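J.: Sending over a structure as structure tokens; questions will come in a sec.
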Protein chains: 2
Amino acid sequence: MSDTKSKIINVAEELIRTRGYNGFSYRDIAAVLSIKNAAIHYHFPSKADLGVAVIQRTRENFSQFVSQSDRNMDASAKLKKFIDIYSESQQKNLVCFMGALGPTFGSLPKEMQQELSSASQEIRSWMTSILAEGKQRNQFTFQGAIVDQADSIISSLLASLILNKVTSEDILGNVIRQIDKTI
Amino acid sequence: MSDTKSKIINVAEELIRTRGYNGFSYRDIAAVLSIKNAAIHYHFPSKADLGVAVIQRTRENFSQFVSQSDRNMDASAKLKKFIDIYSESQQKNLVCFMGALGPTFGSLPKEMQQELSSASQEIRSWMTSILAEGKQRNQFTFQGAIVDQADSIISSLLASLILNKVTSEDILGNVIRQIDKTI
DNA sequence: AATTTTGCTTACTTACTAGTAAGTAGATAG
DNA sequence: CTATCTACTTACTAGTAAGTAAGCAAAATT
């Protein structure tokens, strides 16, 4: 992939995660990269193509995360590494892509909806398998169904990045502490 | 408040909660209400004024919720009523206003940011006081700090409405069950 | 009864949106 | 050394955005 193309995805991702899919234009990206509007259309004919590319790259990153943490790490360590992703987002003052795109799901291009749904399934089933593994080996002792706990953890992490922006308090920190307590 | 004015706020709220603040225009509202674009500018000169009005009305509704549930209800019943708000949102296939506006917080008009921050503080301190009350009277037996638990509950509810749209599974139901288990 | 105010509409402006068509300089391949 | 391809730029289109100015009918006020 060309240098410019991946730079466009970088900028688009940041804009999506700060302003949402409808909150930026090709112009904004062009300005950052000092290229012309039409150069972006060359790489991504429609804005939907760009949106899809951003989600696809995120899925690939997650896929790499999964295979990297798969070998010689226990469930507890894997969960910790997953949570680290959110701490990094917080430091960059960004919400996660799901928190950015999910709220407007129904108004997104169909191809983006498809990618986003697939991504959510991947994350949810990964989290479920980690929790199952940890519980089986008595590392985790939480109450309730595994899927319920998985959805609760994912949800609280996702929203804490959103609330961090609104409150300027460390909601993520509070949420992580509570996860550690209840897991 | 005139009939048209409150109808405009109704439509704007629904549009914000499905498409986000940058995902609709005065034209969209005008089309729904069969009025002209400029009629909306008469009631709300700028789009920011309309956005502020939507948040303010939501805050008033929450304020009413608080005073209504304040008399003759225990902490557990109050929490249940709070959770009911999210179940109603789910039935209408809407995310909450915080989930809709929070992700793009930094790109919102300053007046909207101010309203949104105030709203989040109101909700968080209400939840904290309810949890404190319930724990003191031994209705709640959750582990960990009260503020941590408050932020975890609010976050998981907020995000479950978002994930409901993406997954078409009952994330909110899973999250509510887990709250009941851990509280 | 005359005047002002309310709640709009008509008609418009300026700026931005996504997207396209045609051209071009430099690298690559035959 | 010529032809094609890559990665753009220039120049444009049609549509939509927020917002404004002027007008007007009906209701409320004096």
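Please note that chains go A, B, ... in the order of the structure tokens, that every chain numbers its residues from 1, and that ligands are numbered from 1 in the order shown.
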Near chain D, meaning an atom within 9 Å, which residues of chain B appear when counting only C-alpha atoms (C1' of nucleotides)? Write them as a PDB file with N, CA and C atoms, in the first residue's frame.

T.:
```pdb
ATOM      1  N   SER B  25     -29.862  17.991   9.073  1.00  0.00           N
ATOM      2  CA  SER B  25     -29.916  19.413   8.756  1.00  0.00           C
ATOM      3  C   SER B  25     -31.320  19.946   9.034  1.00  0.00           C
ATOM      4  N   TYR B  26     -31.435  21.251   9.046  1.00  0.00           N
ATOM      5  CA  TYR B  26     -32.740  21.899   9.219  1.00  0.00           C
ATOM      6  C   TYR B  26     -33.724  21.409   8.155  1.00  0.00           C
ATOM      7  N   ALA B  38     -36.684  28.032   7.021  1.00  0.00           N
ATOM      8  CA  ALA B  38     -36.517  29.291   7.755  1.00  0.00           C
ATOM      9  C   ALA B  38     -37.385  29.358   8.995  1.00  0.00           C
ATOM     10  N   HIS B  41     -35.277  28.339  11.762  1.00  0.00           N
ATOM     11  CA  HIS B  41     -34.361  29.416  12.142  1.00  0.00           C
ATOM     12  C   HIS B  41     -35.081  30.500  12.949  1.00  0.00           C
ATOM     13  N   PRO B  45     -32.327  30.304  16.014  1.00  0.00           N
ATOM     14  CA  PRO B  45     -31.514  31.017  15.022  1.00  0.00           C
ATOM     15  C   PRO B  45     -30.341  30.185  14.504  1.00  0.00           C
ATOM     16  N   SER B  46     -29.603  29.550  15.405  1.00  0.00           N
ATOM     17  CA  SER B  46     -28.496  28.717  14.930  1.00  0.00           C
ATOM     18  C   SER B  46     -28.728  27.259  15.341  1.00  0.00           C
ATOM     19  N   LYS B  47     -28.047  26.379  14.660  1.00  0.00           N
ATOM     20  CA  LYS B  47     -28.193  24.956  14.959  1.00  0.00           C
ATOM     21  C   LYS B  47     -27.724  24.650  16.381  1.00  0.00           C
TER      22      LYS B  47
END
```

J.: For chain C, which residues have at least one atom within 9 Å of chain B, if we go by only C-alpha atoms (C1' of nucleotides)? Write them as a list in words, please.

T.: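 Every residue of chain C that passes the 9 Å test is in DG7, DC8 and DT9 of chain C.
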
J.: If you count only C-alpha atoms (C1' of nucleotides), which residues fall within 8 Å of range 58-60 of chain A, apart from same-chain ones fewer than 4 positions away, as a list in words?

T.: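 Residues meeting the cut-off are Val54, Gln64 and Ala119 of chain A.
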
J.: Using only C-alpha atoms, select each residue of chain A with any atom at most 8 Å away from an atom of chain B, and give the selection as an NGL selection string.

T.: :A and (17-20 or 22-23 or 95 or 99-100 or 102-107 or 113 or 116-117 or 120-121 or 143-145 or 147-149 or 151-160 or 162-163 or 165-167 or 171 or 174-175 or 177-178 or 181-182)

J.: Could you tell me how far CA of Pro109 in chain A sits from CA of Ala48 in chain A, in Å to one decimal place?

T.: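 Between CA of Ala48 in chain A and CA of Pro109 in chain A the gap is 6.1 Å.
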
J.: Using only C-alpha atoms (C1' of nucleotides), which residues sit within 8 Å of range 129-134 of chain A once same-chain residues fewer than 2 positions away are excluded, as a ChimeraX atom specification?

T.: /A:74-76,78-79,125-127,136-140,146,150

J.: How would you write, as an MDAnalysis selection string, the set of residues in range 71-154 of chain B that DSSP gives as helix (DSSP H, G or I)?

T.: chainID B and resid 75:91 97:107 110:136 146:154

J.: For a test of reading the model, state the distance in Å between CA of Ile9 in chain B and CA of Ile123 in chain B, rounded to one decimal.

T.: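 Going from CA of Ile9 in chain B over to CA of Ile123 in chain B, I get 21.4 Å.
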
J.: Chain B vs chain A: Cα RMSD after least-squares superposition over all Cα in order?

T.: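 C-alpha RMSD, chain A fitted to chain B: 0.0 Å.
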